[in-house]
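Raw contents of query.txt, compact mmCIF, C-alpha atoms:
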```txt
# COMPACT_ATOMS: atom_id res chain seq x y z
CA MET U 1 6.14 26.41 41.50
CA ALA U 2 6.12 28.53 44.66
CA GLU U 3 6.81 32.22 44.19
CA THR U 4 10.07 33.36 45.82
CA LEU U 5 11.43 36.76 46.78
CA GLU U 6 13.50 36.61 43.60
CA SER U 7 10.45 36.19 41.40
CA PRO U 8 10.21 39.28 39.15
CA ASN U 9 6.48 39.77 39.74
CA ARG U 10 6.61 39.33 43.51
CA PHE U 11 6.38 43.00 44.37
CA GLU U 12 5.64 44.47 40.97
CA ALA U 13 3.87 47.75 41.61
CA GLU U 14 0.98 48.92 39.49
CA PRO U 15 1.84 52.05 37.45
CA SER U 16 0.71 55.24 39.17
CA PRO U 17 -2.41 56.58 37.42
CA ARG U 18 -2.25 59.68 35.27
CA ARG U 19 -5.07 62.20 35.58
CA LEU U 20 -6.29 65.33 33.83
CA GLU U 21 -9.01 67.64 35.10
CA LEU U 22 -10.65 70.03 32.68
CA ILE U 23 -12.30 72.77 34.74
CA LEU U 24 -14.69 74.80 32.60
CA LEU U 25 -15.37 78.09 34.33
CA ARG U 26 -17.74 80.88 33.35
CA HIS U 27 -16.05 84.28 33.06
CA GLY U 28 -16.53 86.98 35.69
CA GLN U 29 -19.33 89.53 35.48
CA ALA U 30 -18.85 92.15 32.76
CA GLU U 31 -19.91 95.78 32.53
CA SER U 32 -22.53 94.90 29.90
CA GLN U 33 -23.59 92.18 27.48
CA GLU U 34 -21.61 93.74 24.64
CA LYS U 35 -18.97 91.41 23.23
CA ASP U 36 -16.06 93.77 24.01
CA ALA U 37 -17.27 94.67 27.51
CA ALA U 38 -14.63 94.56 30.23
CA LEU U 39 -15.03 92.93 33.62
CA ASN U 40 -16.57 95.13 36.26
CA GLU U 41 -15.27 95.22 39.83
CA THR U 42 -17.49 92.30 40.86
CA GLY U 43 -16.19 90.25 37.93
CA GLN U 44 -12.60 90.97 38.91
CA HIS U 45 -13.29 89.74 42.44
CA GLN U 46 -15.01 86.62 41.05
CA ALA U 47 -11.95 85.81 38.96
CA ALA U 48 -9.58 86.26 41.92
CA ARG U 49 -11.82 84.09 44.09
CA ALA U 50 -11.90 81.40 41.40
CA ALA U 51 -8.09 81.36 41.42
CA GLU U 52 -8.04 80.86 45.19
CA GLU U 53 -10.50 77.97 44.89
CA ILE U 54 -8.41 76.41 42.12
CA ILE U 55 -5.31 76.56 44.33
CA GLU U 56 -7.13 74.78 47.17
CA HIS U 57 -8.57 72.20 44.77
CA VAL U 58 -5.15 71.39 43.30
CA LEU U 59 -3.59 71.12 46.75
CA ALA U 60 -6.39 68.79 47.88
CA GLY U 61 -5.58 66.58 44.89
CA GLY U 62 -1.91 66.37 45.82
CA GLY U 63 -0.65 69.13 43.55
CA GLY U 64 0.06 69.17 39.83
CA VAL U 65 0.47 71.25 36.72
CA VAL U 66 -1.98 74.10 35.98
CA LYS U 67 -2.63 75.45 32.49
CA ILE U 68 -5.12 78.20 31.65
CA VAL U 69 -6.89 78.50 28.31
CA ARG U 70 -9.75 80.83 27.47
CA SER U 71 -12.31 82.11 25.02
CA SER U 72 -11.14 84.95 22.77
CA VAL U 73 -13.86 87.29 24.12
CA ARG U 74 -12.55 90.14 26.28
CA ARG U 75 -14.38 89.21 29.50
CA ALA U 76 -12.96 85.67 29.30
CA GLN U 77 -9.49 86.95 28.44
CA GLU U 78 -9.51 89.28 31.45
CA THR U 79 -10.87 86.55 33.74
CA GLY U 80 -8.12 84.17 32.61
CA ALA U 81 -5.45 86.83 33.10
CA ILE U 82 -6.59 87.57 36.67
CA ILE U 83 -6.73 83.86 37.50
CA GLU U 84 -3.23 83.36 36.11
CA GLU U 85 -1.79 86.38 37.96
CA THR U 86 -3.48 85.39 41.23
CA ILE U 87 -2.31 81.78 41.07
CA ARG U 88 1.24 82.89 40.30
CA ARG U 89 1.17 85.31 43.26
CA LEU U 90 -0.27 82.72 45.66
CA ILE U 91 2.32 80.13 44.65
CA ALA U 92 5.07 82.63 45.46
CA GLU U 93 3.53 83.95 48.69
CA ARG U 94 2.71 80.52 50.10
CA GLY U 95 5.84 78.74 48.85
CA LEU U 96 3.87 76.24 46.78
CA GLY U 97 6.35 75.90 43.94
CA ASP U 98 7.10 72.28 44.88
CA LYS U 99 3.41 71.36 44.70
CA ILE U 100 1.92 73.48 41.91
CA ARG U 101 3.46 74.37 38.56
CA LEU U 102 1.78 77.07 36.52
CA ILE U 103 2.82 76.84 32.89
CA GLU U 104 1.64 78.69 29.81
CA SER U 105 -0.37 76.82 27.23
CA ARG U 106 0.91 77.04 23.66
CA ALA U 107 -2.59 77.95 22.50
CA LYS U 108 -4.12 80.22 25.12
CA THR U 109 -7.33 80.68 23.12
CA ARG U 110 -9.54 77.69 22.33
CA ALA U 111 -12.43 77.87 19.83
CA PRO U 112 -14.73 75.41 21.69
CA LEU U 113 -14.79 77.85 24.63
CA VAL U 114 -16.41 80.63 22.57
CA ALA U 115 -20.17 81.21 22.60
CA ALA U 116 -20.24 81.71 18.81
CA GLY U 117 -22.54 84.75 18.91
CA ILE U 118 -25.46 82.69 20.16
CA MET U 119 -26.32 84.96 23.08
CA ARG U 120 -26.84 87.93 20.76
CA GLN U 121 -29.28 85.89 18.66
CA LEU U 122 -31.12 84.73 21.77
CA GLN U 123 -31.43 88.26 23.12
CA ILE U 124 -33.32 89.24 19.98
CA LEU U 125 -36.01 86.75 20.98
CA ASN U 126 -36.57 88.68 24.23
CA ALA U 127 -36.89 85.49 26.28
CA GLU U 128 -36.82 86.04 30.05
CA ARG U 129 -34.14 83.37 30.47
CA PRO U 130 -32.48 83.17 27.04
CA VAL U 131 -30.04 80.32 27.71
CA GLU U 132 -32.65 78.17 29.43
CA HIS U 133 -35.11 78.97 26.62
CA TRP U 134 -32.55 77.78 24.05
CA ILE U 135 -31.87 74.56 25.97
CA GLU U 136 -35.60 73.81 26.26
CA ASN U 137 -36.35 74.83 22.65
CA PRO U 138 -33.29 73.89 20.57
CA GLU U 139 -35.15 74.32 17.30
CA ILE U 140 -35.22 78.13 17.70
CA LEU U 141 -31.65 78.18 16.35
CA PRO U 142 -31.61 75.23 13.94
CA ASP U 143 -27.97 75.78 12.92
CA LYS U 144 -26.74 76.21 16.50
CA LYS U 145 -28.52 73.66 18.64
CA PRO U 146 -27.12 72.82 22.09
CA SER U 147 -25.92 69.45 20.78
CA ASP U 148 -23.98 71.21 18.00
CA VAL U 149 -22.25 73.57 20.45
CA ALA U 150 -21.53 70.74 22.88
CA LYS U 151 -19.90 68.68 20.13
CA SER U 152 -16.87 70.97 20.02
CA LEU U 153 -16.34 70.63 23.77
CA GLN U 154 -16.81 66.87 23.55
CA GLU U 155 -14.15 66.68 20.84
CA MET U 156 -11.85 68.86 22.95
CA THR U 157 -12.37 66.43 25.85
CA THR U 158 -11.49 63.48 23.62
CA LYS U 159 -8.24 65.18 22.63
CA MET U 160 -7.52 65.84 26.31
CA GLN U 161 -7.79 62.08 26.92
CA GLN U 162 -4.98 61.60 24.43
CA ILE U 163 -2.90 64.02 26.51
CA VAL U 164 -3.57 61.96 29.65
CA ASN U 165 -2.06 58.89 28.02
CA LYS U 166 1.18 60.81 27.42
CA LEU U 167 1.63 62.10 30.98
CA ARG U 168 4.29 60.74 33.29
CA PRO U 169 3.14 58.08 35.79
CA GLY U 170 1.40 59.76 38.69
CA GLU U 171 1.25 63.16 36.98
CA THR U 172 -1.90 65.30 37.23
CA ILE U 173 -2.64 68.30 35.05
CA TYR U 174 -5.41 70.84 35.53
CA TYR U 175 -6.67 72.67 32.47
CA ILE U 176 -8.69 75.75 33.42
CA GLY U 177 -10.93 76.70 30.50
CA VAL U 178 -12.48 80.15 30.87
CA THR U 179 -15.66 80.09 28.84
CA HIS U 180 -19.29 81.26 28.72
CA GLU U 181 -22.66 80.04 29.95
CA ILE U 182 -23.68 78.97 26.42
CA PRO U 183 -21.02 76.24 25.93
CA GLN U 184 -21.33 75.18 29.58
CA ALA U 185 -25.11 74.82 29.40
CA ALA U 186 -24.96 73.00 26.06
CA PHE U 187 -22.41 70.48 27.35
CA LEU U 188 -24.29 69.86 30.60
CA ASN U 189 -27.56 69.34 28.73
CA THR U 190 -25.99 66.95 26.23
CA ILE U 191 -24.36 64.83 28.93
CA THR U 192 -27.07 64.89 31.61
CA HIS U 193 -30.17 65.38 29.41
CA GLN U 194 -31.35 67.93 31.98
CA THR U 195 -32.16 71.61 31.68
CA LEU U 196 -30.45 74.24 33.78
CA ALA U 197 -33.61 74.52 35.88
CA GLU U 198 -33.41 70.80 36.64
CA LEU U 199 -29.72 71.18 37.49
CA GLY U 200 -30.38 73.98 39.97
CA GLY U 201 -30.67 77.14 37.90
CA PRO U 202 -28.53 79.35 35.64
CA ILE U 203 -24.75 79.04 35.72
CA LYS U 204 -23.38 81.95 37.72
CA ASN U 205 -20.41 84.08 36.81
CA GLY U 206 -17.30 82.37 38.16
CA GLU U 207 -19.08 79.00 38.48
CA SER U 208 -17.52 75.90 36.98
CA PHE U 209 -17.84 72.18 36.41
CA THR U 210 -15.08 69.60 36.15
CA ILE U 211 -14.39 66.76 33.72
CA THR U 212 -11.97 64.20 35.15
CA LEU U 213 -10.00 61.97 32.79
CA SER U 214 -7.73 59.08 33.77
CA ASN U 215 -5.58 56.47 32.07
CA LYS U 216 -6.94 53.71 34.32
CA PRO U 217 -8.28 50.78 32.28
CA ASN U 218 -11.99 51.11 31.50
CA ALA U 219 -12.21 54.40 33.42
CA ALA U 220 -14.94 56.60 31.95
CA PRO U 221 -14.72 60.41 32.04
CA VAL U 222 -16.54 61.88 35.04
CA LEU U 223 -18.53 65.11 35.00
CA SER U 224 -18.82 66.89 38.37
CA PHE U 225 -21.24 69.78 38.85
CA ARG U 226 -22.90 71.16 41.99
CA GLY U 227 -22.08 68.11 44.07
CA GLN U 228 -23.36 65.63 41.48
CA THR U 229 -21.20 63.32 39.33
CA ARG U 230 -21.94 61.43 36.14
CA GLU U 231 -19.88 59.18 33.90
CA PHE U 232 -20.14 59.64 30.15
CA THR U 233 -18.69 58.38 26.88
CA LEU U 234 -16.09 60.29 24.91
CA ALA U 235 -17.01 61.53 21.47
CA ARG U 236 -15.16 60.08 18.50
CA VAL U 237 -12.77 62.39 16.66
CA ASP U 238 -12.24 61.50 13.02
```
Please, can you express the file's structure as structure tokens?
Amino acid sequence: MAETLESPNRFEAEPSPRRLELILLRHGQAESQEKDAALNETGQHQAARAAEEIIEHVLAGGGGVVKIVRSSVRRAQETGAIIEETIRRLIAERGLGDKIRLIESRAKTRAPLVAAGIMRQLQILNAERPVEHWIENPEILPDKKPSDVAKSLQEMTTKMQQIVNKLRPGETIYYIGVTHEIPQAAFLNTITHQTLAELGGPIKNGESFTITLSNKPNAAPVLSFRGQTREFTLARVD
């Protein structure tokens, strides 16, 4: 039977895709390597610059909701606070309230974003490049291998996928996770099977990578870092 204008499926539109971007960003430069060290002036500028880049990124994607979560370590807390304050100010100054919504996360601190004291253990080894040395020689910390550290971030990503499925049609949310080089390097190594040297060198303060999640059928998560992208499989959460 020929389809008519009255046929219910004639102009049935596909549901608008839902999307979530998890942007994992290394904290700004601190005054020292001590756990309770505050950001120095350079680190404060790096955090403010990261906020400006986030604003432009969200606008380029058509706008959306922004949430900021962070490691419990002081340098990450201060970085997250500066990013939040800067984004709020830029939204007001530029009249972006109809395009970007900054809302507080119920849990501002997330355990997977913490470095779990690994850097202190690596510093004892006196390696020239401690994080790279750990990635290349995971057995030096048998209870805290890169794959073990990455597992928490992978599980966090899987839970984020569940959030995507609950978003309104067409809605995009940007989670900014302020973290440390240790979790970042572990996740990148686990997904790409490459060392930091192979990926272009150490992760700089204020540098980030993005994990894009969608509710599109058969859409795999996409990791974006330094102009390169890679699809990967979500970890199972029991």
Just to confirm, what's the straight-line distance from CA of Leu167 in chain U to CA of Ile87 in chain U in Å (one decimal)? 22.5 Å
Would you work out the distance separating CA of Asn205 in chain U from CA of Gln46 in chain U, expressed in Å to one decimal?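 Going from CA of Asn205 in chain U over to CA of Gln46 in chain U, I get 7.3 Å.
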Do a neighbour search on range 146-162 of chain U at 7 Å with all atoms listed in the file, toss out local chain neighbours closer than 4 positions, and write the hits as number ranges by chain. U: 112, 135, 138, 166, 183, 186-187, 190, 213, 234-235, 237
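For the residues U:Pro221, U:Leu196, U:Glu171, U:Ser72, ranking by smallest atom-to-atom distance to Ala115 in chain U using only C-alpha atoms places U:Ser72 first.
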Give me, as a short mmCIF file (atom, residue, chain, number, x, y, z; two decimals) with C-alpha atoms, in the frame of the given file, all polymer residues having an atom no more than 8 Å from range 25-28 of chain U, counting all atoms listed in the file and skipping those fewer than 2 positions away in the same chain.
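And here's out.cif as it stands now:
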```cif
data_model
loop_
_atom_site.label_atom_id
_atom_site.label_comp_id
_atom_site.auth_asym_id
_atom_site.auth_seq_id
_atom_site.Cartn_x
_atom_site.Cartn_y
_atom_site.Cartn_z
CA ILE U 23 -12.30 72.77 34.74
CA ALA U 30 -18.85 92.15 32.76
CA LEU U 39 -15.03 92.93 33.62
CA THR U 42 -17.49 92.30 40.86
CA GLY U 43 -16.19 90.25 37.93
CA GLN U 44 -12.60 90.97 38.91
CA HIS U 45 -13.29 89.74 42.44
CA GLN U 46 -15.01 86.62 41.05
CA ALA U 47 -11.95 85.81 38.96
CA ARG U 75 -14.38 89.21 29.50
CA ALA U 76 -12.96 85.67 29.30
CA THR U 79 -10.87 86.55 33.74
CA GLY U 80 -8.12 84.17 32.61
CA ILE U 176 -8.69 75.75 33.42
CA GLY U 177 -10.93 76.70 30.50
CA VAL U 178 -12.48 80.15 30.87
CA THR U 179 -15.66 80.09 28.84
CA HIS U 180 -19.29 81.26 28.72
CA GLU U 181 -22.66 80.04 29.95
CA GLN U 184 -21.33 75.18 29.58
CA ILE U 203 -24.75 79.04 35.72
CA LYS U 204 -23.38 81.95 37.72
CA ASN U 205 -20.41 84.08 36.81
CA GLY U 206 -17.30 82.37 38.16
CA GLU U 207 -19.08 79.00 38.48
CA SER U 208 -17.52 75.90 36.98
CA PHE U 209 -17.84 72.18 36.41
#
```
Any idea what the distance is between CA of Ala219 in chain U and CA of Gly61 in chain U? 18.0 Å
Hey, which of U:Arg236, U:Ile68, U:Arg74, U:Arg19 ends up closest to Ser32 in chain U? Count all atoms listed in the file.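 Using all atoms listed in the file, the shortest distance to Ser32 in chain U belongs to U:Arg74.
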Rank nothing, just name the residue among U:Arg226, U:Arg88, U:Lys145, U:Arg18 nearest to Thr212 in chain U, using all atoms listed in the file. U:Arg18
At a cut-off of 10 Å from (0.4, 68.5, 43.5) in the coordinates of the file, what residues are picked up using only C-alpha atoms, written as a PDB file with C-alpha atoms, in the coordinates of the input?
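Output file point-v7.pdb follows:
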```
ATOM      1  CA  ILE U  55      -5.310  76.560  44.330  1.00  0.00           C
ATOM      2  CA  HIS U  57      -8.570  72.200  44.770  1.00  0.00           C
ATOM      3  CA  VAL U  58      -5.150  71.390  43.300  1.00  0.00           C
ATOM      4  CA  LEU U  59      -3.590  71.120  46.750  1.00  0.00           C
ATOM      5  CA  ALA U  60      -6.390  68.790  47.880  1.00  0.00           C
ATOM      6  CA  GLY U  61      -5.580  66.580  44.890  1.00  0.00           C
ATOM      7  CA  GLY U  62      -1.910  66.370  45.820  1.00  0.00           C
ATOM      8  CA  GLY U  63      -0.650  69.130  43.550  1.00  0.00           C
ATOM      9  CA  GLY U  64       0.060  69.170  39.830  1.00  0.00           C
ATOM     10  CA  VAL U  65       0.470  71.250  36.720  1.00  0.00           C
ATOM     11  CA  VAL U  66      -1.980  74.100  35.980  1.00  0.00           C
ATOM     12  CA  LEU U  96       3.870  76.240  46.780  1.00  0.00           C
ATOM     13  CA  GLY U  97       6.350  75.900  43.940  1.00  0.00           C
ATOM     14  CA  ASP U  98       7.100  72.280  44.880  1.00  0.00           C
ATOM     15  CA  LYS U  99       3.410  71.360  44.700  1.00  0.00           C
ATOM     16  CA  ILE U 100       1.920  73.480  41.910  1.00  0.00           C
ATOM     17  CA  ARG U 101       3.460  74.370  38.560  1.00  0.00           C
ATOM     18  CA  GLU U 171       1.250  63.160  36.980  1.00  0.00           C
ATOM     19  CA  THR U 172      -1.900  65.300  37.230  1.00  0.00           C
ATOM     20  CA  ILE U 173      -2.640  68.300  35.050  1.00  0.00           C
TER      21      ILE U 173
END
```
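Between Arg94 in chain U and the residues U:Glu132, U:Asn189, U:Glu56, U:Asp36, the shortest atom-to-atom distance, using only C-alpha atoms, involves U:Glu56.
Nearest to Arg70 in chain U of all the residues U:Ala92, U:Tyr175, U:Glu136, U:Gln29 is U:Tyr175, based on all atoms listed in the file.
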Counting only C-alpha atoms, figure out which residue out of U:Leu188, U:Lys216, U:Ala48, U:Glu41 gets nearest to Val164 in chain U.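 With only C-alpha atoms as the atom set, the closest residue is U:Lys216.
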